[in-house]
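Participant: What follows is coords-v6.cif; its format and atoms are mmCIF, C-alpha atoms.
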```
data_input
loop_
_atom_site.group_PDB
_atom_site.id
_atom_site.type_symbol
_atom_site.label_atom_id
_atom_site.label_comp_id
_atom_site.auth_asym_id
_atom_site.auth_seq_id
_atom_site.Cartn_x
_atom_site.Cartn_y
_atom_site.Cartn_z
ATOM 1 C CA MET A 1 89.699 70.770 127.832
ATOM 2 C CA SER A 2 89.499 73.075 124.820
ATOM 3 C CA VAL A 3 92.347 75.398 123.909
ATOM 4 C CA LEU A 4 89.844 78.284 124.015
ATOM 5 C CA ASP A 5 89.225 77.582 127.723
ATOM 6 C CA ALA A 6 92.640 79.116 128.529
ATOM 7 C CA PRO A 7 92.426 82.158 130.879
ATOM 8 C CA HIS A 8 93.938 84.654 128.404
ATOM 9 C CA PHE A 9 90.968 84.141 126.062
ATOM 10 C CA HIS A 10 88.465 85.303 128.699
ATOM 11 C CA ASP A 11 90.236 87.455 131.310
ATOM 12 C CA GLU A 12 91.702 90.851 130.412
ATOM 13 C CA ALA A 13 94.481 90.798 133.030
ATOM 14 C CA ALA A 14 95.544 87.317 131.896
ATOM 15 C CA ALA A 15 95.461 88.507 128.263
ATOM 16 C CA TYR A 16 97.815 91.406 129.028
ATOM 17 C CA ALA A 17 100.195 89.101 130.910
ATOM 18 C CA TYR A 18 100.115 86.639 127.993
ATOM 19 C CA VAL A 19 100.920 89.308 125.382
ATOM 20 C CA GLU A 20 103.598 90.951 127.556
ATOM 21 C CA ALA A 21 105.431 87.623 127.945
ATOM 22 C CA ARG A 22 105.667 87.312 124.141
ATOM 23 C CA VAL A 23 106.205 90.931 123.096
ATOM 24 C CA TRP A 24 108.720 91.614 125.901
ATOM 25 C CA PRO A 25 110.667 88.328 126.214
ATOM 26 C CA ASN A 26 113.803 90.164 127.418
ATOM 27 C CA GLY A 27 112.101 92.459 129.925
ATOM 28 C CA ARG A 28 109.509 95.243 129.937
ATOM 29 C CA THR A 29 110.558 97.752 127.260
ATOM 30 C CA CYS A 30 109.376 101.356 127.079
ATOM 31 C CA PRO A 31 108.126 102.082 123.534
ATOM 32 C CA HIS A 32 108.963 105.803 123.964
ATOM 33 C CA CYS A 33 112.647 105.700 124.969
ATOM 34 C CA GLY A 34 113.561 101.996 124.721
ATOM 35 C CA ALA A 35 114.536 101.616 128.393
ATOM 36 C CA VAL A 36 114.330 97.998 129.604
ATOM 37 C CA ASP A 37 113.018 97.090 133.060
ATOM 38 C CA GLU A 38 112.993 100.719 134.195
ATOM 39 C CA SER A 39 109.254 101.027 134.760
ATOM 40 C CA GLY A 40 106.583 100.213 137.299
ATOM 41 C CA LYS A 41 102.825 100.061 137.647
ATOM 42 C CA ALA A 42 101.144 103.405 137.019
ATOM 43 C CA LEU A 43 98.150 104.450 139.103
ATOM 44 C CA GLN A 44 95.208 106.317 137.607
ATOM 45 C CA GLY A 45 92.965 107.786 140.245
ATOM 46 C CA LYS A 46 91.961 105.266 142.893
ATOM 47 C CA ARG A 47 92.249 102.196 140.675
ATOM 48 C CA ASP A 48 94.974 100.415 138.782
ATOM 49 C CA ARG A 49 94.522 100.310 135.017
ATOM 50 C CA ILE A 50 95.278 96.877 133.625
ATOM 51 C CA GLY A 51 98.597 96.759 131.817
ATOM 52 C CA LEU A 52 99.542 100.426 132.417
ATOM 53 C CA TYR A 53 103.147 101.214 133.368
ATOM 54 C CA LYS A 54 105.185 104.373 133.874
ATOM 55 C CA CYS A 55 108.740 104.618 132.599
ATOM 56 C CA TYR A 56 111.221 105.957 135.206
ATOM 57 C CA ALA A 57 113.614 107.036 132.441
ATOM 58 C CA CYS A 58 111.356 109.249 130.294
ATOM 59 C CA ARG A 59 108.456 109.590 132.790
ATOM 60 C CA LYS A 60 105.868 108.581 130.189
ATOM 61 C CA PRO A 61 103.062 106.020 130.661
ATOM 62 C CA PHE A 62 102.735 103.056 128.299
ATOM 63 C CA THR A 63 101.136 99.651 127.768
ATOM 64 C CA VAL A 64 102.169 96.644 125.709
ATOM 65 C CA LYS A 65 99.700 97.778 123.025
ATOM 66 C CA ILE A 66 101.651 100.931 122.067
ATOM 67 C CA GLY A 67 103.527 100.563 118.789
ATOM 68 C CA THR A 68 101.732 97.332 117.867
ATOM 69 C CA ILE A 69 98.683 96.331 115.848
ATOM 70 C CA PHE A 70 96.677 96.630 119.105
ATOM 71 C CA GLU A 71 97.339 100.358 119.582
ATOM 72 C CA ALA A 72 94.297 102.650 119.903
ATOM 73 C CA SER A 73 91.914 99.694 119.713
ATOM 74 C CA HIS A 74 88.866 99.694 122.001
ATOM 75 C CA ILE A 75 88.349 95.958 121.525
ATOM 76 C CA PRO A 76 89.422 94.043 124.681
ATOM 77 C CA LEU A 77 92.769 92.324 124.345
ATOM 78 C CA HIS A 78 91.337 88.887 125.163
ATOM 79 C CA VAL A 79 88.968 89.274 122.192
ATOM 80 C CA TRP A 80 91.983 90.092 120.007
ATOM 81 C CA LEU A 81 93.618 86.843 121.122
ATOM 82 C CA GLN A 82 90.459 84.881 120.282
ATOM 83 C CA ALA A 83 90.447 86.397 116.785
ATOM 84 C CA MET A 84 94.150 85.594 116.303
ATOM 85 C CA PHE A 85 93.618 81.967 117.271
ATOM 86 C CA LEU A 86 90.629 81.626 114.931
ATOM 87 C CA MET A 87 92.574 83.095 111.998
ATOM 88 C CA ALA A 88 95.657 81.020 112.794
ATOM 89 C CA SER A 89 93.739 77.750 113.045
ATOM 90 C CA SER A 90 91.451 78.204 109.991
ATOM 91 C CA LYS A 91 93.309 76.710 107.027
ATOM 92 C CA LYS A 92 91.189 78.541 104.453
ATOM 93 C CA GLY A 93 90.666 81.694 106.515
ATOM 94 C CA ILE A 94 87.683 83.031 108.424
ATOM 95 C CA SER A 95 85.436 85.797 107.089
ATOM 96 C CA SER A 96 84.743 89.126 108.762
ATOM 97 C CA HIS A 97 81.075 88.129 109.037
ATOM 98 C CA GLN A 98 82.055 84.990 110.953
ATOM 99 C CA LEU A 99 84.335 86.955 113.284
ATOM 100 C CA HIS A 100 81.542 89.512 113.796
ATOM 101 C CA ARG A 101 79.083 86.782 114.835
ATOM 102 C CA THR A 102 81.546 84.720 116.880
ATOM 103 C CA LEU A 103 83.232 87.543 118.807
ATOM 104 C CA GLY A 104 80.175 89.764 119.283
ATOM 105 C CA ILE A 105 81.744 92.868 117.713
ATOM 106 C CA THR A 106 80.485 95.011 114.847
ATOM 107 C CA LEU A 107 81.141 93.955 111.252
ATOM 108 C CA LYS A 108 83.254 97.070 110.639
ATOM 109 C CA SER A 109 85.389 96.283 113.706
ATOM 110 C CA ALA A 110 85.747 92.636 112.642
ATOM 111 C CA TRP A 111 86.886 93.674 109.147
ATOM 112 C CA PHE A 112 89.466 96.160 110.465
ATOM 113 C CA LEU A 113 90.658 93.773 113.204
ATOM 114 C CA SER A 114 91.238 90.988 110.680
ATOM 115 C CA HIS A 115 93.316 93.278 108.442
ATOM 116 C CA ARG A 116 95.435 94.374 111.389
ATOM 117 C CA ILE A 117 96.094 90.729 112.196
ATOM 118 C CA ARG A 118 97.054 90.114 108.556
ATOM 119 C CA GLU A 119 99.451 93.042 108.855
ATOM 120 C CA ALA A 120 101.155 91.193 111.724
ATOM 121 C CA MET A 121 101.297 88.047 109.580
ATOM 122 C CA ALA A 122 103.047 89.922 106.767
ATOM 123 C CA ILE A 123 106.847 89.673 106.650
ATOM 124 C CA GLY A 124 107.257 91.996 103.696
ATOM 125 C CA TYR A 125 109.036 91.902 100.342
ATOM 126 C CA VAL A 126 112.506 92.148 101.898
ATOM 127 C CA ARG A 127 112.686 89.055 104.125
ATOM 128 C CA PRO A 128 114.801 89.143 107.307
ATOM 129 C CA ASP A 129 115.604 85.448 106.947
ATOM 130 C CA GLY A 130 117.412 86.026 103.650
ATOM 131 C CA GLN A 131 116.906 84.263 100.346
ATOM 132 C CA MET A 132 115.140 80.982 99.675
ATOM 133 C CA GLY A 133 116.829 77.837 98.502
ATOM 134 C CA GLY A 134 120.553 77.243 98.300
ATOM 135 C CA PRO A 135 122.807 74.266 97.454
ATOM 136 C CA GLY A 136 120.770 71.072 97.207
ATOM 137 C CA LYS A 137 117.445 72.931 97.465
ATOM 138 C CA VAL A 138 114.581 72.990 94.959
ATOM 139 C CA VAL A 139 112.325 76.037 94.481
ATOM 140 C CA GLU A 140 109.187 75.875 92.366
ATOM 141 C CA ALA A 141 107.864 79.022 90.676
ATOM 142 C CA ASP A 142 104.473 79.562 89.104
ATOM 143 C CA GLU A 143 101.883 82.248 88.507
ATOM 144 C CA THR A 144 98.097 82.194 88.556
ATOM 145 C CA VAL A 145 95.248 84.649 88.132
ATOM 146 C CA ILE A 146 92.143 85.319 90.186
ATOM 147 C CA GLY A 147 88.870 86.767 88.972
ATOM 148 C CA PRO A 148 85.790 85.658 87.009
ATOM 149 C CA ASN A 149 86.561 82.985 84.413
ATOM 150 C CA PRO A 150 85.307 84.009 80.940
ATOM 151 C CA THR A 151 85.399 80.417 79.686
ATOM 152 C CA LYS A 152 82.911 79.301 82.363
ATOM 153 C CA ASP A 153 80.670 82.348 82.784
ATOM 154 C CA SER A 154 78.726 83.765 79.835
ATOM 155 C CA ARG A 155 78.100 87.021 81.736
ATOM 156 C CA VAL A 156 81.849 87.612 81.947
ATOM 157 C CA ARG A 157 82.240 86.895 78.212
ATOM 158 C CA ARG A 158 79.603 89.521 77.414
ATOM 159 C CA LYS A 159 81.236 92.078 79.726
ATOM 160 C CA TYR A 160 84.792 91.376 78.517
ATOM 161 C CA PRO A 161 84.507 90.341 74.842
ATOM 162 C CA GLY A 162 87.335 89.281 72.534
ATOM 163 C CA LYS A 163 90.816 90.498 73.374
ATOM 164 C CA HIS A 164 89.621 92.020 76.665
ATOM 165 C CA SER A 165 88.449 88.669 78.046
ATOM 166 C CA ARG A 166 91.393 88.418 80.460
ATOM 167 C CA ALA A 167 91.979 92.122 81.126
ATOM 168 C CA HIS A 168 90.138 91.975 84.472
ATOM 169 C CA LEU A 169 92.125 89.030 85.873
ATOM 170 C CA VAL A 170 94.633 89.721 88.676
ATOM 171 C CA PRO A 171 98.036 87.946 88.471
ATOM 172 C CA ILE A 172 99.688 86.344 91.518
ATOM 173 C CA TYR A 173 103.228 84.958 91.579
ATOM 174 C CA SER A 174 104.505 82.448 94.157
ATOM 175 C CA LEU A 175 107.832 80.809 94.972
ATOM 176 C CA VAL A 176 107.769 77.613 97.061
ATOM 177 C CA GLU A 177 110.786 75.820 98.473
ATOM 178 C CA ARG A 178 110.130 72.091 98.741
ATOM 179 C CA GLY A 179 109.861 71.247 102.421
ATOM 180 C CA GLY A 180 110.196 74.938 103.261
ATOM 181 C CA GLU A 181 108.404 78.249 102.890
ATOM 182 C CA VAL A 182 106.331 80.080 100.301
ATOM 183 C CA ARG A 183 106.587 83.711 99.215
ATOM 184 C CA SER A 184 103.708 85.212 97.226
ATOM 185 C CA PHE A 185 103.436 88.499 95.365
ATOM 186 C CA HIS A 186 100.648 90.486 93.746
ATOM 187 C CA VAL A 187 102.284 91.533 90.465
ATOM 188 C CA ARG A 188 101.187 93.943 87.760
ATOM 189 C CA ASP A 189 102.098 91.549 84.931
ATOM 190 C CA VAL A 190 103.742 88.189 84.285
ATOM 191 C CA SER A 191 106.491 89.444 81.991
ATOM 192 C CA THR A 192 110.019 88.053 81.989
ATOM 193 C CA ALA A 193 111.389 91.166 83.669
ATOM 194 C CA THR A 194 108.858 91.030 86.517
ATOM 195 C CA LEU A 195 109.051 87.303 87.295
ATOM 196 C CA THR A 196 112.808 86.821 86.937
ATOM 197 C CA GLY A 197 113.460 90.071 88.805
ATOM 198 C CA ILE A 198 111.551 88.817 91.856
ATOM 199 C CA MET A 199 113.147 85.383 91.531
ATOM 200 C CA GLN A 200 116.688 86.773 91.500
ATOM 201 C CA ASP A 201 115.936 88.930 94.531
ATOM 202 C CA GLN A 202 114.289 86.181 96.578
ATOM 203 C CA VAL A 203 116.098 82.955 95.588
ATOM 204 C CA ASN A 204 119.726 81.943 96.096
ATOM 205 C CA GLU A 205 121.587 81.570 92.786
ATOM 206 C CA LYS A 206 122.760 78.025 93.701
ATOM 207 C CA THR A 207 119.171 76.726 93.715
ATOM 208 C CA TYR A 208 117.529 74.205 91.379
ATOM 209 C CA ILE A 209 114.505 75.997 89.829
ATOM 210 C CA MET A 210 111.432 74.177 88.492
ATOM 211 C CA THR A 211 108.691 75.890 86.458
ATOM 212 C CA ASP A 212 106.169 75.216 83.724
ATOM 213 C CA GLU A 213 106.823 75.904 80.042
ATOM 214 C CA ALA A 214 105.983 79.658 80.165
ATOM 215 C CA THR A 215 108.305 81.710 77.935
ATOM 216 C CA ALA A 216 108.912 84.176 80.788
ATOM 217 C CA TYR A 217 111.189 81.575 82.427
ATOM 218 C CA ARG A 218 113.560 81.061 79.471
ATOM 219 C CA PRO A 219 116.408 83.190 80.967
ATOM 220 C CA VAL A 220 116.239 81.332 84.318
ATOM 221 C CA LYS A 221 118.746 78.637 83.323
ATOM 222 C CA ARG A 222 121.435 81.344 82.982
ATOM 223 C CA MET A 223 120.662 82.843 86.413
ATOM 224 C CA PHE A 224 120.585 79.768 88.665
ATOM 225 C CA LEU A 225 122.370 76.466 89.159
ATOM 226 C CA ALA A 226 119.849 74.501 87.094
ATOM 227 C CA HIS A 227 116.374 74.846 85.628
ATOM 228 C CA SER A 228 113.857 72.217 84.552
ATOM 229 C CA SER A 229 110.286 72.610 83.368
ATOM 230 C CA VAL A 230 107.200 70.537 82.625
ATOM 231 C CA ASN A 231 105.018 71.134 79.586
ATOM 232 C CA HIS A 232 101.427 71.420 80.816
ATOM 233 C CA SER A 233 100.108 72.195 77.327
ATOM 234 C CA ARG A 234 101.134 68.665 76.257
ATOM 235 C CA GLY A 235 99.631 67.035 79.331
ATOM 236 C CA GLU A 236 102.949 66.625 81.152
ATOM 237 C CA TYR A 237 102.686 67.334 84.873
ATOM 238 C CA VAL A 238 105.350 65.112 86.454
ATOM 239 C CA ARG A 239 108.657 63.879 85.012
ATOM 240 C CA GLU A 240 110.490 61.986 87.752
ATOM 241 C CA ALA A 241 111.312 64.725 90.325
ATOM 242 C CA VAL A 242 110.449 67.579 87.942
ATOM 243 C CA HIS A 243 107.042 69.146 88.691
ATOM 244 C CA THR A 244 105.335 72.253 90.043
ATOM 245 C CA ASN A 245 102.753 70.395 92.106
ATOM 246 C CA THR A 246 103.906 71.949 95.396
ATOM 247 C CA VAL A 247 103.250 75.529 94.324
ATOM 248 C CA GLU A 248 100.004 74.502 92.636
ATOM 249 C CA ASN A 249 98.909 72.871 95.886
ATOM 250 C CA PHE A 250 99.444 76.231 97.612
ATOM 251 C CA PHE A 251 97.378 77.963 94.919
ATOM 252 C CA SER A 252 94.549 75.453 95.466
ATOM 253 C CA ILE A 253 94.430 76.279 99.202
ATOM 254 C CA PHE A 254 94.482 79.998 98.465
ATOM 255 C CA LYS A 255 91.669 79.752 95.917
ATOM 256 C CA ARG A 256 89.537 77.590 98.233
ATOM 257 C CA GLY A 257 89.875 80.406 100.743
ATOM 258 C CA LEU A 258 89.034 83.002 98.108
ATOM 259 C CA PHE A 259 85.966 81.285 96.655
ATOM 260 C CA GLY A 260 84.748 79.415 99.734
ATOM 261 C CA THR A 261 85.432 81.858 102.573
ATOM 262 C CA TYR A 262 86.120 85.413 101.426
ATOM 263 C CA GLN A 263 84.143 85.398 98.133
ATOM 264 C CA HIS A 264 86.048 88.493 96.998
ATOM 265 C CA MET A 265 89.422 90.166 97.593
ATOM 266 C CA SER A 266 90.005 93.740 96.428
ATOM 267 C CA GLN A 267 93.320 94.492 94.756
ATOM 268 C CA LYS A 268 93.939 97.200 97.370
ATOM 269 C CA HIS A 269 94.147 94.592 100.144
ATOM 270 C CA LEU A 270 95.220 91.519 98.137
ATOM 271 C CA ALA A 271 98.817 91.650 99.438
ATOM 272 C CA ARG A 272 97.568 91.226 103.027
ATOM 273 C CA TYR A 273 95.415 88.243 102.098
ATOM 274 C CA LEU A 274 98.423 86.652 100.408
ATOM 275 C CA ALA A 275 100.463 87.326 103.566
ATOM 276 C CA GLU A 276 97.809 85.506 105.603
ATOM 277 C CA PHE A 277 97.979 82.355 103.476
ATOM 278 C CA ASP A 278 101.782 82.557 103.288
ATOM 279 C CA PHE A 279 101.949 82.790 107.088
ATOM 280 C CA ARG A 280 99.796 79.727 107.693
ATOM 281 C CA TYR A 281 101.733 77.726 105.087
ATOM 282 C CA ASN A 282 105.090 78.771 106.577
ATOM 283 C CA ASN A 283 103.833 77.884 110.078
ATOM 284 C CA ARG A 284 102.129 74.622 109.148
ATOM 285 C CA LYS A 285 101.845 71.330 110.988
ATOM 286 C CA GLY A 286 104.248 69.705 108.529
ATOM 287 C CA LEU A 287 106.989 71.916 109.977
ATOM 288 C CA GLY A 288 106.016 70.978 113.536
ATOM 289 C CA ILE A 289 103.956 74.102 114.291
ATOM 290 C CA GLU A 290 100.490 73.572 115.773
ATOM 291 C CA ASP A 291 97.607 76.035 116.169
ATOM 292 C CA VAL A 292 98.656 77.436 119.566
ATOM 293 C CA GLU A 293 102.244 78.113 118.496
ATOM 294 C CA ARG A 294 101.020 79.586 115.213
ATOM 295 C CA ALA A 295 98.820 82.069 117.107
ATOM 296 C CA ASP A 296 101.747 82.866 119.432
ATOM 297 C CA ASN A 297 103.860 83.705 116.387
ATOM 298 C CA ILE A 298 101.274 86.314 115.353
ATOM 299 C CA VAL A 299 101.448 87.941 118.797
ATOM 300 C CA LYS A 300 105.247 88.007 118.641
ATOM 301 C CA ALA A 301 105.074 89.714 115.222
ATOM 302 C CA ALA A 302 102.638 92.421 116.404
ATOM 303 C CA PRO A 303 105.198 95.124 117.440
ATOM 304 C CA GLY A 304 106.136 97.773 114.895
ATOM 305 C CA LYS A 305 103.187 97.116 112.586
ATOM 306 C CA ARG A 306 100.642 99.890 113.059
ATOM 307 C CA LEU A 307 97.722 99.944 110.644
ATOM 308 C CA THR A 308 95.212 102.794 110.790
ATOM 309 C CA TYR A 309 91.802 102.856 109.161
ATOM 310 C CA ARG A 310 92.837 105.980 107.275
ATOM 311 C CA ILE A 311 96.277 107.492 106.824
ATOM 312 C CA PRO A 312 96.608 111.009 108.328
ATOM 313 C CA ARG A 313 98.550 113.500 106.221
ATOM 314 C CA LYS A 314 99.273 117.207 106.400
ATOM 315 C CA ARG A 315 98.058 119.627 103.762
ATOM 316 C CA ASN A 316 98.786 123.358 104.008
ATOM 317 C CA GLY A 317 99.910 122.841 107.606
ATOM 318 C CA LYS A 318 96.647 121.182 108.635
ATOM 319 C CA ALA A 319 96.127 117.503 109.344
ATOM 320 C CA VAL A 320 93.753 115.778 106.937
ATOM 321 C CA VAL A 321 92.632 112.190 106.653
ATOM 322 C CA VAL A 322 92.796 110.341 103.343
ATOM 323 C CA PRO A 323 92.063 106.718 102.397
ATOM 324 C CA PRO A 324 95.056 104.357 102.406
ATOM 325 C CA PRO A 325 96.879 103.865 99.080
ATOM 326 C CA ALA A 326 96.607 100.664 97.091
ATOM 327 C CA LEU A 327 99.183 98.048 98.068
#
```
Using the file provided, produce a representation of the structure as structure tokens.

Facilitator:
Amino acid sequence: MSVLDAPHFHDEAAAYAYVEARVWPNGRTCPHCGAVDESGKALQGKRDRIGLYKCYACRKPFTVKIGTIFEASHIPLHVWLQAMFLMASSKKGISSHQLHRTLGITLKSAWFLSHRIREAMAIGYVRPDGQMGGPGKVVEADETVIGPNPTKDSRVRRKYPGKHSRAHLVPIYSLVERGGEVRSFHVRDVSTATLTGIMQDQVNEKTYIMTDEATAYRPVKRMFLAHSSVNHSRGEYVREAVHTNTVENFFSIFKRGLFGTYQHMSQKHLARYLAEFDFRYNNRKGLGIEDVERADNIVKAAPGKRLTYRIPRKRNGKAVVVPPPAL
């Protein structure tokens, strides 16, 4: 029997019950006033509406979708769960075109749905689980760039000649704890201030740091318990336990997803794509998390993460709609 044969992937009532069990593990909670288990089924006309409740405390109706990534979506909830499972189980991601064909929804809906799911996958810059590393732990740090390679594409060399040959490349910075999690960031530059600033904020000071020979990491040995590096320019990649192969392995998975699945990632949405790959790495099989549990973790993270297609703002007392800002 396939996992996708489960009732919540095909029946709307079963999908609501499935999501409610994960979003409300401690009892049905009203999103308007926060009252727990003070609500009952709400009737609309002559028929019950699936998943609709009325709060006895504030007298307002609600569903499990309010205040989550599902809010105001016309896509059936069981289709949402199918999309979550597909994104959770695809190591290198799944494109909006593939979701559009597989789920039978429009391409625009598939694109927006996938970004809302990535929003649920995102933990954010300030992590609730605290800093990485600690005594006896090793954290690897490295940066990479994405974009057309001028050394391999003559068209890029003509478009970006001389000193501008790397101006179009987008830098990404990742921290990986060996045997643990990864945290990735879309950064404006790879200067010492930027990289060490993120490292100090995200990594415990009693951690053993490993990097390459980049000059940006020179102050690291004064900030943490210990610091070792490998010199890639001299062909050194491993020196006993000193290497950055773990973080480079993460970069290889991310770039296979970029080039093989998504083809292109705009800088405006790059942070969400990084959150997607971070989430799958941090919920990987090596940590004992399989596809079903990984998809469940997305559902559990859905509350409190609204994402609208455009951000409404007020101008001169009137509501206007403007495109979302760059992340």

Participant: Carefully work through the PyMOL selection byres ((chain A and resi 138) around 8) for this structure and note down the residues it includes, as a ChimeraX atom specification.

Facilitator: /A:133,136-137,139-140,177-178,207-210

Participant: Could you tell me which of A:Ala193, A:His10, A:Arg239, A:Phe251 comes closest to His78 in chain A if we count all atoms listed in the file?

Facilitator: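 Counting all atoms listed in the file, the residue closest to His78 in chain A is A:His10.
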
Participant: Can you give me, as a ChimeraX atom specification, the residues this file yields under the PyMOL selection byres ((chain A and resi 76) around 10)?

Facilitator: /A:10-12,15-16,70,73-75,77-81

Participant: Any chance you could work out the residue set of the PyMOL selection byres ((chain A and resi 172) around 10) here, as number ranges by chain?

Facilitator: A: 142-146, 169-171, 173-174, 184-190, 251, 270-271, 274

Participant: With only C-alpha atoms as the basis for distance, which of A:Leu4, A:Phe250, A:Arg310, A:Lys268 is at the shortest distance from Ser89 in chain A?

Facilitator: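 With only C-alpha atoms as the atom set, the closest residue is A:Leu4.
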
Participant: Quick one: everything within 7 Å of range 279-295 of chain A, counting only C-alpha atoms, minus sequence neighbours fewer than 4 positions away in the same chain. Send it as a PyMOL selection string.

Facilitator: chain A and resi 84-85+88-89+121+181-182+275+299

Participant: If we draw a sphere of 9 Å around (108.6, 105.2, 135.7), which residues have at least one atom in it when counting all atoms listed in the file? Please report them as a list in words.

Facilitator: Glu38, Ser39, Gly40, Lys41, Ala42, Tyr53, Lys54, Cys55, Tyr56, Ala57, Cys58, Arg59, Lys60 and Pro61 of chain A

Participant: Using Å and a single decimal, report how far CA of Thr244 in chain A sits from CA of Ser90 in chain A.

Facilitator: 25.0 Å

Participant: Rounded to one decimal in Å, what is the spacing between CA of Gly51 in chain A and CA of Pro7 in chain A?

Facilitator: 15.9 Å

Participant: Measure the distance from CA of His97 in chain A to CA of Gly67 in chain A in Å and round it to one decimal.

Facilitator: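 Distance reported for this atom pair: 27.5 Å.
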
Participant: Could you check which of A:His8, A:Arg218, A:Lys92, A:Arg28 is closest to Tyr262 in chain A, using only C-alpha atoms?

Facilitator: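 So, comparing all the options, the nearest one is A:Lys92.
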
Participant: For Trp24 in chain A, please output as a list of chain:residue names all residues within 12 Å (counting all atoms listed in the file; exclusion window: fewer than 3 positions along the same chain).

Facilitator: A:Tyr16, A:Ala17, A:Tyr18, A:Val19, A:Glu20, A:Ala21, A:Gly27, A:Arg28, A:Thr29, A:Cys30, A:Pro31, A:Gly34, A:Ala35, A:Val36, A:Asp37, A:Thr63, A:Val64, A:Lys65, A:Val299, A:Lys300, A:Ala301, A:Ala302, A:Pro303

Participant: Using only C-alpha atoms for the distances, tell me which of A:Ala110, A:Gln98, A:Arg116, A:Val242 is nearest to Glu71 in chain A.

Facilitator: A:Arg116

Participant: Between A:Thr308, A:Ser95, A:Asn26, A:Gln82, which one has atoms that come closest to Leu258 in chain A, using all atoms listed in the file?

Facilitator: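 Once distances to Leu258 in chain A are computed over all atoms listed in the file, the minimum belongs to A:Ser95.
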
Participant: For a cut-off of 12 Å around (111.5, 89.2, 91.8), file coordinates, pick out all residues using only C-alpha atoms and list them as a ChimeraX atom specification.

Facilitator: /A:125-126,131-132,141,173-175,183-187,189-204,220
